[in-house]
Amino acid sequence: MNQNDTDTFPIHTDIAAPRSSTSGVPKHALHQTVYSADSFFQQDYLLQESVPDLHRPQEHETNWLHFVGINDGALLKTLLAPYGIHDLVLEDILSRRQRPKIEDYGHYVFIAGRVYQYTSGRLQSDQVYLIVGEQFVFTFQQKPLGLLSSIRSHMDSEHSDLRSKNAAFLAYRIIDRLIDDYFITLDQYDRRVESIDKTLFSADSGSSDLLGRIHKLKRDATRLHRTLQALRDVLYRLTHGDFAIFKGEPVIYLRDVYDHTMQLTESLDASRDTVSSMMDVHLSFQSNRLNQQMRMLTVITILFMPLTVITGIYGMNFENMPELRWHYGYYMVLGLMACVIIGLLVFFSRKKWL
């Protein structure tokens with residue numbers, strides 16, 4: 001590969017690309033990519049009941065098998081039998097609730113990851129698994145996610161830099177793609193935080209739905225933070241030479257991915273603080289509005305208290321009450337009530353209770 005090819009197809013970009021469309025993509029498939037500096041083979045297999053006849057790589061070639069929607073343990077065991085994959089790894093792959101982790105099995109490394117995406121207003125998680133050996137990389141997904149298709153498309157180019165790299169470098173690109181996807185997820189999360197923040201002091205902010213939305217954001221932040229911490233631990237081990245398969249150039253680039261996880265964690269922490277403050281502001285605002293409503297009710301009560309006293313006095317059935325027989329007594333009482341109300345309104349207005 002000459003220098004111009006390297007400049008045209010950079011090894012890494014800091015721009016988080018959106019996921020590819022999964023419309024029309026088979027839900028159960030096996031994608032094989034076999035490559036080296038001077039050879040390339042790519043084939044898609046639709047998994048039926050029979051085991052597909054996979055292309056056999058040469059000794060100098062790297063074999064990437066990308067499994068999508070395969071939940072048959074017997075089929076997985078048959079396909080991975082030539083590589084000596086442990087039964088515990090297969091058990092983890094079939095699980096949909098695995099915390100991100102990394103395990104060393106000698107001639108290969110097993111990595112469990114997780115990605116998130118907002119779908120129909122809910123934060124959905126999906127498992128992604130990697131098995132990385134000296135000359136093979138296996139990736140597993142429960143359903144099409146549109147995450148790794150860009151890497152496969154890039155490798156299909158004759159000028160692809162990945163064709164001259166080893167399996168560990170391909171694993172780095174896959175891990176980097178998973179981490180970059182968190183930037184998009186976190187941007188979606190921040191948009192929801194901003195949307196709620198704008199409605200905190202609106203007329204409908206008193207609805208219980210707003211409080212539920214804020215609490216939902218807190219739960220989402222907790223899930224994201226827990227996963228990012230685990231992924232950061234995985235990358236820390238990868239960048240500190242704990243595994244013989246990851247050494248040299250891939251480790252250098254993995255340090256950049258580790259920095260991305262730190263950046264994501266710090267950004268998420270800032271968003272979590274914002275959500276927590278939003279909860280406090282919302283409760284304070286509701287308490288203040290309740291106090292205003294109680295003050296208004298108190299003012300109304302105070303306005304009617306002297307009127308009740310006046311009507312109560314003149315409602316007594318004593319005979320010796322001169323005002324009762326006075327021709328203008330009724331109008332005098334109405335005037336007195338009006339003066340009391342006006343006086344109280346002026347008093348409350350000066351006190352800024354109204």
# chains A, B, ... in the order shown; residues from 1 in each chain; ligands from 1
>>> select_by_dssp(residues="segment 153-240 of chain A", states="helix (DSSP H, G or I)", output="PyMOL selection string")
chain A and resi 153-155+161-164+167-198+208-239
>>> residues_around(residues="Ser277 of chain A", least_positions_apart="4", cutoff="12 Å", atoms="only C-alpha atoms", output="count of residues only")
15
>>> atom_distance(atom1="atom CA of Ile174 of chain A", atom2="atom CA of Gly121 of chain A")
26.9 Å
>>> residues_around(residues="segment 141-148 of chain A", least_positions_apart="4", cutoff="6 Å", atoms="only C-alpha atoms", output="ChimeraX atom specification")
/A:19-22,27,68-69,128
>>> write_last_selection(atoms="N, CA and C atoms", output="short mmCIF file (atom, residue, chain, number, x, y, z; two decimals), in the first residue's frame")
data_model
loop_
_atom_site.label_atom_id
_atom_site.label_comp_id
_atom_site.auth_asym_id
_atom_site.auth_seq_id
_atom_site.Cartn_x
_atom_site.Cartn_y
_atom_site.Cartn_z
N ARG A 19 -25.58 4.38 12.87
CA ARG A 19 -25.72 2.99 12.49
C ARG A 19 -26.32 2.87 11.09
N SER A 20 -25.93 1.79 10.42
CA SER A 20 -26.50 1.52 9.10
C SER A 20 -27.92 1.01 9.24
N SER A 21 -28.70 1.18 8.21
CA SER A 21 -30.08 0.70 8.23
C SER A 21 -30.11 -0.82 8.24
N THR A 22 -31.00 -1.37 9.06
CA THR A 22 -31.15 -2.83 9.15
C THR A 22 -32.39 -3.31 8.40
N LYS A 27 -32.29 -11.65 9.73
CA LYS A 27 -32.21 -11.68 11.18
C LYS A 27 -31.36 -12.83 11.70
N VAL A 68 -25.07 -13.35 13.52
CA VAL A 68 -26.21 -12.49 13.81
C VAL A 68 -27.43 -13.37 14.08
N GLY A 69 -28.03 -13.22 15.27
CA GLY A 69 -29.28 -13.90 15.59
C GLY A 69 -29.18 -15.41 15.68
N VAL A 128 -23.09 -7.52 22.53
CA VAL A 128 -22.13 -7.76 21.45
C VAL A 128 -20.94 -8.50 22.06
#
>>> residues_around(residues="Leu186 of chain A", least_positions_apart="2", cutoff="12 Å", atoms="only C-alpha atoms", output="ChimeraX atom specification")
/A:16,115-118,123,179-184,188-193,217,220-221,223-225,228,261,263-272
>>> select_by_dssp(residues="segment 47-293 of chain A", states="strand (DSSP E)", output="number ranges by chain")
A: 62-68, 101-104, 108-119, 122-133, 136-141
>>> closest_residue(among="A:Arg163, A:Lys101, A:Arg114, A:His260", to="Ser39 of chain A", atoms="only C-alpha atoms")
A:Arg163
>>> residues_around(residues="Leu235 of chain A", least_positions_apart="3", cutoff="12 Å", atoms="only C-alpha atoms", output="count of residues only")
36
>>> decode(residues="segment 37-58 of chain A", atoms="N, CA, C and O atoms", output="compact mmCIF listing (two decimals), in the first residue's frame")
# COMPACT_ATOMS: atom_id res chain seq x y z
N ALA A 37 -2.91 -9.37 3.32
CA ALA A 37 -2.41 -8.23 2.54
C ALA A 37 -2.62 -8.42 1.05
O ALA A 37 -2.77 -7.44 0.30
N ASP A 38 -2.66 -9.68 0.59
CA ASP A 38 -2.76 -9.93 -0.85
C ASP A 38 -3.96 -10.82 -1.23
O ASP A 38 -4.02 -11.33 -2.34
N SER A 39 -4.90 -11.01 -0.31
CA SER A 39 -6.08 -11.82 -0.63
C SER A 39 -7.28 -11.31 0.16
O SER A 39 -7.13 -10.72 1.23
N PHE A 40 -8.46 -11.57 -0.40
CA PHE A 40 -9.68 -11.12 0.26
C PHE A 40 -10.85 -11.97 -0.20
O PHE A 40 -11.01 -12.25 -1.39
N PHE A 41 -11.67 -12.38 0.78
CA PHE A 41 -12.87 -13.16 0.49
C PHE A 41 -13.96 -12.74 1.46
O PHE A 41 -13.73 -12.59 2.67
N GLN A 42 -15.18 -12.54 0.93
CA GLN A 42 -16.31 -12.14 1.77
C GLN A 42 -17.57 -12.85 1.28
O GLN A 42 -17.86 -12.85 0.08
N GLN A 43 -18.29 -13.45 2.23
CA GLN A 43 -19.48 -14.22 1.87
C GLN A 43 -20.50 -14.15 3.00
O GLN A 43 -20.13 -14.15 4.18
N ASP A 44 -21.77 -14.10 2.64
CA ASP A 44 -22.87 -14.11 3.60
C ASP A 44 -23.61 -15.44 3.50
O ASP A 44 -23.87 -15.92 2.39
N TYR A 45 -23.95 -16.00 4.65
CA TYR A 45 -24.66 -17.28 4.70
C TYR A 45 -25.95 -17.10 5.48
O TYR A 45 -25.95 -16.57 6.59
N LEU A 46 -27.04 -17.53 4.90
CA LEU A 46 -28.32 -17.57 5.60
C LEU A 46 -28.42 -18.91 6.31
O LEU A 46 -28.42 -19.96 5.67
N LEU A 47 -28.49 -18.86 7.61
CA LEU A 47 -28.45 -20.08 8.41
C LEU A 47 -29.81 -20.76 8.43
O LEU A 47 -30.79 -20.22 8.92
N GLN A 48 -29.85 -21.95 7.89
CA GLN A 48 -31.04 -22.79 7.95
C GLN A 48 -30.75 -23.92 8.93
O GLN A 48 -30.00 -23.76 9.88
N GLU A 49 -31.33 -25.05 8.70
CA GLU A 49 -31.10 -26.17 9.61
C GLU A 49 -29.71 -26.80 9.40
O GLU A 49 -29.13 -27.35 10.32
N SER A 50 -29.18 -26.72 8.19
CA SER A 50 -27.89 -27.33 7.90
C SER A 50 -26.75 -26.36 8.24
O SER A 50 -26.92 -25.15 8.24
N VAL A 51 -25.57 -26.93 8.52
CA VAL A 51 -24.39 -26.14 8.82
C VAL A 51 -23.78 -25.66 7.50
O VAL A 51 -23.52 -26.46 6.60
N PRO A 52 -23.51 -24.35 7.36
CA PRO A 52 -22.97 -23.86 6.09
C PRO A 52 -21.54 -24.33 5.87
O PRO A 52 -20.78 -24.57 6.82
N ASP A 53 -21.18 -24.46 4.61
CA ASP A 53 -19.82 -24.85 4.23
C ASP A 53 -18.98 -23.59 4.13
O ASP A 53 -18.97 -22.90 3.11
N LEU A 54 -18.24 -23.27 5.21
CA LEU A 54 -17.50 -22.02 5.28
C LEU A 54 -16.20 -22.10 4.48
O LEU A 54 -15.63 -23.18 4.27
N HIS A 55 -15.77 -20.94 4.04
CA HIS A 55 -14.49 -20.83 3.34
C HIS A 55 -13.36 -21.11 4.34
O HIS A 55 -13.36 -20.57 5.45
N ARG A 56 -12.40 -21.90 3.95
CA ARG A 56 -11.29 -22.25 4.84
C ARG A 56 -10.12 -21.30 4.59
O ARG A 56 -9.55 -21.28 3.50
N PRO A 57 -9.75 -20.55 5.60
CA PRO A 57 -8.64 -19.60 5.41
C PRO A 57 -7.29 -20.30 5.36
O PRO A 57 -7.11 -21.39 5.93
N GLN A 58 -6.34 -19.66 4.69
CA GLN A 58 -4.97 -20.16 4.66
C GLN A 58 -4.25 -19.74 5.94
O GLN A 58 -4.77 -18.98 6.76
